[in-house]
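Asks: Dropping the structure in here first, questions after.
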Amino acid sequence: IIIGGGAAGLFCAIEAGKRGKRVVVIERNAEVGRKIIISGGGRCNFTNIHTTSENFVSQNPHFAKSALSRFTPHDFLALIRKHKIAYFEKKLGQLFCRDSSRQIVEMLMAECRAARVRVEANCEINAVSQGGRFTVETSRGNFESRNLVIACGGLSFQKIGATDLGHRIAGQFGLNIVRTRPSLVGLVLEGKSNPRLAGISVDALVTAGKQQFRDNILFTHRGLSGPAILQVSNYWRRGEPVTIDLVPEADLAAIFAGEMAGRRTASSCLAGHVPPRLIRDLGDRHIPDKPVAQLNKHEIEQIRETFHQWKVRFRDTEGYDRAEVTLGGVSTSELSSQTMESKHVPGLFFIGEVVDITGWLGGYNFQWAWASGHAAGSAI
C-alpha cells in the first residue's frame, strides 16, 4: 500500500509492480500527480543533471547519497526518452518538458498500468493501524498489506491538498520528526516593506550563512522573492541577516576610482548597474548629492557597503501556501538509507518530501522523489 500518488509514490509503485508485487496507490485528490502538473510553470523541472547530495539540506546530508547514486538523472532521462517526451535544459542543468508537465504524469500512469498497479484516487484515509499486517481504512474500504509506504509529501501547496498526514503516521509509529517549516519560498521583511519597489528584479549574489546563490531577486509588496531568495530560504534562520550584493558583476570602488577626475555623481555611476528606483530607495541616506571626486573614503565605503553588502533582515516566510517544499520531516536517523524502511517498524517506508531531505530549487526535489521511490520499490 502506498499512501500518496505524487512523484515519489507513483515511482515506488512502478518499481514494486515491475517486480511482481500487488500494489495499490491511495490518493486523496481526484487525480494523481497534482504537484507535478503545476510545477515549473506547467512544464515540470523533472530533474537536474548535476544532482549530488551537496544539493540537499538535511540534519544528515549524507543520507541521500545511496538512493541518488543508485537512480541518477540519466536513469530518469532514459525513461523520458522511452516515452518520447521532448525536453530542454533551461540553465544550470535544469531539465523541463518542452510541452506540458502532464506528459510526466501520463508517462508514470502508463508505467503503472504496465506494472498492474491499482490506483485509487479521490480516496480519503480514515485510519492506519498494524496488527500482523498494516491496515489502512479508507473511504473506499479497508486495505491490508505487509508493506506500507508513506509518500504523501509535506505541507507545501495546501491548496492542492497537502496535509501533515505523513508526519502524523510517523508520530503514530514512534518515529522522530525534524521540525518543519516552509521553504523554497519568498521572505517577508522585518519592519516596514516598500511597496514602491514591488516588481523590480535584479541579478544578485545572495548569502545566508555559508551558502551563496547568484540569480535574480524580485522585490515584492512584503519583502523579497525570486530564484536566489528561494534558494537561500533553505538556509535562512530567523534573527540572522541575509547579505545581498546588488551589483555582483561590478566593483563600485573601482568604478568610483575611475570617476575621481570627472564630474559624475555616484548616482549616475550606479545607474548603469542598478534600477533607478532602487538607487533612490536604498541610496537616499548614503549617496551624497555631489560629484564622485568630492566623496571622502568613508562616503565611498558607505555606498559600496549599501550596494555590495546590503544586509537584510526577514521576520518570516511567505508561508506554506507559497512554498515549493517543506523543510524538515521524518528524521533520517529513523530510516535505512538503502531502502527507506523504518529501522524500528519493519515494512514501514517513508519516501519523497515527507523525509527530512530538501533539495535546492532546480529539479533536485523531483530527483529525490524518483530516487527514494526507486530505493523503496526495489527493496520491497
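Chain lettering (A, B, ...) mirrors the order of the C-alpha cells, residue numbering begins at 1 for each chain separately, and ligand numbering begins at 1 in order of display.
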Excluding range 99-108 of chain A and any residue of its chain fewer than 3 positions from it, enumerate the residues within 10 Å of it, using only C-alpha atoms, and give them as number ranges by chain.
Replies: A: 6-7, 10-11, 13-14, 31-46, 79-80, 82-88, 96, 111-114
Asks: Do a neighbour search on range 286-291 of chain A at 8 Å with only C-alpha atoms, toss out local chain neighbours closer than 2 positions, and write the hits as an mmCIF file with N, CA and C atoms, in the first residue's frame.
Replies:
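So the final result, stored in part_33.cif, reads:
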data_model
loop_
_atom_site.group_PDB
_atom_site.id
_atom_site.type_symbol
_atom_site.label_atom_id
_atom_site.label_comp_id
_atom_site.auth_asym_id
_atom_site.auth_seq_id
_atom_site.Cartn_x
_atom_site.Cartn_y
_atom_site.Cartn_z
ATOM 1 N N GLY A 262 36.362 63.141 -12.830
ATOM 2 C CA GLY A 262 35.191 63.624 -13.555
ATOM 3 C C GLY A 262 34.199 64.330 -12.658
ATOM 4 N N ARG A 263 33.039 64.660 -13.254
ATOM 5 C CA ARG A 263 32.016 65.392 -12.505
ATOM 6 C C ARG A 263 30.770 64.563 -12.245
ATOM 7 N N ARG A 264 30.782 63.305 -12.645
ATOM 8 C CA ARG A 264 29.587 62.457 -12.453
ATOM 9 C C ARG A 264 29.352 62.202 -10.973
ATOM 10 N N THR A 265 28.090 62.117 -10.605
ATOM 11 C CA THR A 265 27.740 61.783 -9.222
ATOM 12 C C THR A 265 27.743 60.267 -9.043
ATOM 13 N N ALA A 266 27.726 59.824 -7.791
ATOM 14 C CA ALA A 266 27.677 58.393 -7.508
ATOM 15 C C ALA A 266 26.398 57.777 -8.071
ATOM 16 N N SER A 267 25.293 58.514 -7.982
ATOM 17 C CA SER A 267 24.010 58.004 -8.502
ATOM 18 C C SER A 267 24.086 57.746 -9.997
ATOM 19 N N LEU A 282 17.394 52.875 -1.736
ATOM 20 C CA LEU A 282 18.480 52.421 -0.863
ATOM 21 C C LEU A 282 19.537 53.495 -0.650
ATOM 22 N N GLY A 283 19.691 54.344 -1.644
ATOM 23 C CA GLY A 283 20.806 55.274 -1.597
ATOM 24 C C GLY A 283 20.498 56.642 -1.031
ATOM 25 N N ASP A 284 19.207 56.955 -0.767
ATOM 26 C CA ASP A 284 18.882 58.322 -0.361
ATOM 27 C C ASP A 284 19.582 58.755 0.926
ATOM 28 N N ALA A 293 34.283 62.812 -7.306
ATOM 29 C CA ALA A 293 35.603 63.365 -6.952
ATOM 30 C C ALA A 293 35.592 64.048 -5.590
ATOM 31 N N GLN A 294 34.393 64.455 -5.129
ATOM 32 C CA GLN A 294 34.305 65.150 -3.843
ATOM 33 C C GLN A 294 33.953 64.219 -2.679
ATOM 34 N N LEU A 295 33.766 62.935 -2.968
ATOM 35 C CA LEU A 295 33.441 61.982 -1.901
ATOM 36 C C LEU A 295 34.696 61.626 -1.117
ATOM 37 N N GLU A 299 32.509 57.992 2.814
ATOM 38 C CA GLU A 299 31.300 58.053 1.991
ATOM 39 C C GLU A 299 31.321 56.983 0.901
ATOM 40 N N GLN A 302 30.599 53.647 2.478
ATOM 41 C CA GLN A 302 29.172 53.523 2.812
ATOM 42 C C GLN A 302 28.354 53.126 1.585
ATOM 43 N N ILE A 303 28.639 53.778 0.462
ATOM 44 C CA ILE A 303 27.918 53.458 -0.784
ATOM 45 C C ILE A 303 28.233 52.022 -1.212
ATOM 46 N N THR A 306 26.398 49.609 0.959
ATOM 47 C CA THR A 306 24.955 49.642 0.695
ATOM 48 C C THR A 306 24.571 48.746 -0.473
#
Asks: Using only C-alpha atoms, which residue out of A:Arg179, A:Arg116, A:Lys311, A:Arg280 lies closest to His167 in chain A?
Replies: A:Arg179
Asks: Run DSSP on the backbone of this structure and report the residues of range 32-256 of chain A it assigns to helix (DSSP H, G or I), as a PyMOL selection string.
Replies: chain A and resi 34-42+53-55+61-70+73-82+102-114+158-160+165-172+195-197+227-232+252-256
Asks: For those residues, write C-alpha atoms to a file as a PDB file, in the first residue's frame.
Replies:
ATOM      1  CA  ARG A  34      -1.250  17.364  -8.934  1.00  0.00           C
ATOM      2  CA  LYS A  35       2.058  18.883  -7.794  1.00  0.00           C
ATOM      3  CA  ILE A  36       3.802  17.549 -10.902  1.00  0.00           C
ATOM      4  CA  ILE A  37       1.188  19.190 -13.124  1.00  0.00           C
ATOM      5  CA  ILE A  38       1.554  22.688 -11.641  1.00  0.00           C
ATOM      6  CA  SER A  39       5.340  22.556 -11.265  1.00  0.00           C
ATOM      7  CA  GLY A  40       7.787  24.510 -13.408  1.00  0.00           C
ATOM      8  CA  GLY A  41       5.121  26.828 -14.757  1.00  0.00           C
ATOM      9  CA  GLY A  42       3.283  23.820 -16.201  1.00  0.00           C
ATOM     10  CA  SER A  53      23.950  15.046  -2.233  1.00  0.00           C
ATOM     11  CA  GLU A  54      25.527  18.522  -1.901  1.00  0.00           C
ATOM     12  CA  ASN A  55      22.328  19.980  -3.361  1.00  0.00           C
ATOM     13  CA  PRO A  61      23.056  15.396   4.253  1.00  0.00           C
ATOM     14  CA  HIS A  62      24.962  12.131   3.591  1.00  0.00           C
ATOM     15  CA  PHE A  63      21.716  10.126   3.901  1.00  0.00           C
ATOM     16  CA  ALA A  64      20.647  10.917   0.327  1.00  0.00           C
ATOM     17  CA  LYS A  65      23.874   9.618  -1.268  1.00  0.00           C
ATOM     18  CA  SER A  66      22.860   5.963  -1.513  1.00  0.00           C
ATOM     19  CA  ALA A  67      19.496   6.434  -3.238  1.00  0.00           C
ATOM     20  CA  LEU A  68      20.790   9.203  -5.515  1.00  0.00           C
ATOM     21  CA  SER A  69      23.729   7.093  -6.670  1.00  0.00           C
ATOM     22  CA  ARG A  70      21.527   4.088  -7.482  1.00  0.00           C
ATOM     23  CA  PRO A  73      19.148  11.813 -13.522  1.00  0.00           C
ATOM     24  CA  HIS A  74      20.413   9.840 -16.537  1.00  0.00           C
ATOM     25  CA  ASP A  75      18.304   6.854 -15.449  1.00  0.00           C
ATOM     26  CA  PHE A  76      15.215   9.053 -15.365  1.00  0.00           C
ATOM     27  CA  LEU A  77      16.170  10.559 -18.740  1.00  0.00           C
ATOM     28  CA  ALA A  78      16.186   7.047 -20.217  1.00  0.00           C
ATOM     29  CA  LEU A  79      12.533   6.743 -19.190  1.00  0.00           C
ATOM     30  CA  ILE A  80      11.732  10.184 -20.645  1.00  0.00           C
ATOM     31  CA  ARG A  81      13.293   9.142 -23.953  1.00  0.00           C
ATOM     32  CA  LYS A  82      11.492   5.795 -23.932  1.00  0.00           C
ATOM     33  CA  ARG A 102       1.059  16.426 -17.853  1.00  0.00           C
ATOM     34  CA  GLN A 103       3.307  14.293 -20.069  1.00  0.00           C
ATOM     35  CA  ILE A 104       5.228  13.238 -16.933  1.00  0.00           C
ATOM     36  CA  VAL A 105       2.010  12.164 -15.201  1.00  0.00           C
ATOM     37  CA  GLU A 106       0.838  10.328 -18.326  1.00  0.00           C
ATOM     38  CA  MET A 107       4.228   8.573 -18.513  1.00  0.00           C
ATOM     39  CA  LEU A 108       4.022   7.493 -14.861  1.00  0.00           C
ATOM     40  CA  MET A 109       0.442   6.258 -15.296  1.00  0.00           C
ATOM     41  CA  ALA A 110       1.417   4.297 -18.417  1.00  0.00           C
ATOM     42  CA  GLU A 111       4.226   2.644 -16.427  1.00  0.00           C
ATOM     43  CA  CYS A 112       1.780   1.940 -13.575  1.00  0.00           C
ATOM     44  CA  ARG A 113      -0.624   0.234 -15.975  1.00  0.00           C
ATOM     45  CA  ALA A 114       2.196  -1.866 -17.421  1.00  0.00           C
ATOM     46  CA  GLN A 158      -2.070  23.180   0.769  1.00  0.00           C
ATOM     47  CA  LYS A 159      -4.405  24.487  -1.922  1.00  0.00           C
ATOM     48  CA  ILE A 160      -3.857  21.233  -3.836  1.00  0.00           C
ATOM     49  CA  LEU A 165      -0.797  13.065   7.295  1.00  0.00           C
ATOM     50  CA  GLY A 166       2.670  11.620   6.665  1.00  0.00           C
ATOM     51  CA  HIS A 167       4.088  13.270   9.768  1.00  0.00           C
ATOM     52  CA  ARG A 168       1.107  12.089  11.861  1.00  0.00           C
ATOM     53  CA  ILE A 169       1.565   8.496  10.727  1.00  0.00           C
ATOM     54  CA  ALA A 170       5.283   8.716  11.538  1.00  0.00           C
ATOM     55  CA  GLY A 171       4.425  10.037  15.007  1.00  0.00           C
ATOM     56  CA  GLN A 172       1.846   7.291  15.499  1.00  0.00           C
ATOM     57  CA  PRO A 195       5.618  48.618  -1.997  1.00  0.00           C
ATOM     58  CA  ARG A 196       7.109  51.183  -4.412  1.00  0.00           C
ATOM     59  CA  LEU A 197       9.833  48.662  -5.243  1.00  0.00           C
ATOM     60  CA  PRO A 227      15.192  32.301  -7.506  1.00  0.00           C
ATOM     61  CA  ALA A 228      18.133  33.471  -5.353  1.00  0.00           C
ATOM     62  CA  ILE A 229      15.857  34.223  -2.380  1.00  0.00           C
ATOM     63  CA  LEU A 230      14.042  30.894  -2.765  1.00  0.00           C
ATOM     64  CA  GLN A 231      17.417  29.147  -2.692  1.00  0.00           C
ATOM     65  CA  VAL A 232      18.637  30.849   0.499  1.00  0.00           C
ATOM     66  CA  LEU A 252      31.927  50.028  -7.252  1.00  0.00           C
ATOM     67  CA  ALA A 253      35.161  51.128  -5.582  1.00  0.00           C
ATOM     68  CA  ALA A 254      36.985  50.682  -8.908  1.00  0.00           C
ATOM     69  CA  ILE A 255      34.215  52.465 -10.823  1.00  0.00           C
ATOM     70  CA  PHE A 256      34.345  55.419  -8.429  1.00  0.00           C
TER      71      PHE A 256
END
Asks: Neighbouring residues of range 322-328 of chain A were defined as those with any atom within 10 Å, considering only C-alpha atoms; residues of the same chain fewer than 2 positions away were excluded. Please report them as a PyMOL selection string.
Replies: chain A and resi 35+39+57-59+153-159+177-186+230+233-235+317-320+330-332+353-361+365
Asks: What is the CA of His344 in chain A to CA of Gly4 in chain A distance in Å?
Replies: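 A separation of 22.0 Å between them.
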Asks: Just give me the gap between CA of Gly191 in chain A and CA of Leu205 in chain A in Å, one decimal is fine.
Replies: 22.8 Å
Asks: If you take only C-alpha atoms and a cut-off of 10 Å, which residues of range 10-41 of chain A touch range 127-147 of chain A, and what are their nearest atom pairs and distances in Å to one decimal, in chain and number order, as JSON lines?
Replies:
{"residue": "A:Arg22", "atom": "CA", "partner": "A:Ser145", "partner_atom": "CA", "distance": 9.3}
{"residue": "A:Val23", "atom": "CA", "partner": "A:Ser145", "partner_atom": "CA", "distance": 9.1}
{"residue": "A:Val24", "atom": "CA", "partner": "A:Phe143", "partner_atom": "CA", "distance": 8.7}
{"residue": "A:Ile26", "atom": "CA", "partner": "A:Thr138", "partner_atom": "CA", "distance": 8.8}
{"residue": "A:Arg28", "atom": "CA", "partner": "A:Ser139", "partner_atom": "CA", "distance": 9.6}
Asks: Can I get the selected residues back with N, CA, C and O atoms, as a PDB file, in the first residue's frame?
Replies:
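Final file, again_5.pdb:
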ATOM      1  N   ARG A  22       1.785  -6.985  -5.797  1.00  0.00           N
ATOM      2  CA  ARG A  22       0.463  -6.365  -5.933  1.00  0.00           C
ATOM      3  C   ARG A  22       0.521  -5.031  -5.205  1.00  0.00           C
ATOM      4  O   ARG A  22       0.840  -4.977  -4.014  1.00  0.00           O
ATOM      5  N   VAL A  23       0.203  -3.948  -5.919  1.00  0.00           N
ATOM      6  CA  VAL A  23       0.377  -2.598  -5.376  1.00  0.00           C
ATOM      7  C   VAL A  23      -0.906  -1.787  -5.533  1.00  0.00           C
ATOM      8  O   VAL A  23      -1.533  -1.801  -6.587  1.00  0.00           O
ATOM      9  N   VAL A  24      -1.266  -1.067  -4.471  1.00  0.00           N
ATOM     10  CA  VAL A  24      -2.334  -0.074  -4.563  1.00  0.00           C
ATOM     11  C   VAL A  24      -1.778   1.267  -4.118  1.00  0.00           C
ATOM     12  O   VAL A  24      -1.069   1.363  -3.113  1.00  0.00           O
ATOM     13  N   ILE A  26      -2.972   4.988  -2.949  1.00  0.00           N
ATOM     14  CA  ILE A  26      -4.143   5.696  -2.437  1.00  0.00           C
ATOM     15  C   ILE A  26      -3.871   7.198  -2.485  1.00  0.00           C
ATOM     16  O   ILE A  26      -2.907   7.679  -1.897  1.00  0.00           O
ATOM     17  N   ARG A  28      -5.757  11.094  -2.165  1.00  0.00           N
ATOM     18  CA  ARG A  28      -6.979  11.788  -1.719  1.00  0.00           C
ATOM     19  C   ARG A  28      -7.525  12.747  -2.780  1.00  0.00           C
ATOM     20  O   ARG A  28      -8.717  13.051  -2.788  1.00  0.00           O
TER      21      ARG A  28
END
Asks: Would you pick out the contacts of Arg238 in chain A at 8 Å or less, using only C-alpha atoms, so that residues sharing its chain but fewer than 6 positions from it are not included, and give the list as a list in words?
Replies: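 Using only C-alpha atoms, the neighbours found are Phe314, Arg315 and Asp316 of chain A.
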Asks: Using only C-alpha atoms, which of the listed residues (A:Thr47, A:Ala198, A:Asn216, A:Lys21) sits closest to Trp370 in chain A?
Replies: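 Residue with the minimum atom-to-atom distance to Trp370 in chain A: A:Thr47.
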Asks: Choose the residue, out of A:Ile300, A:Ala208, A:Leu218, A:Val312, that has the smallest atom-to-atom separation from Glu190 in chain A; count only C-alpha atoms.
Replies: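 Residue with the minimum atom-to-atom distance to Glu190 in chain A: A:Val312.
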Asks: Would you mind telling me which residue in A:Glu27, A:Met340, A:Ile217, A:Ala371 lies nearest to Arg118 in chain A when using only C-alpha atoms?
Replies: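 Among A:Glu27, A:Met340, A:Ile217, A:Ala371, it is A:Glu27 that comes nearest to Arg118 in chain A.
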Asks: Pick from A:Thr72, A:Ala115, A:Glu305, A:Gly5: nearest to Gly20 in chain A, with only C-alpha atoms counted?
Replies: A:Ala115
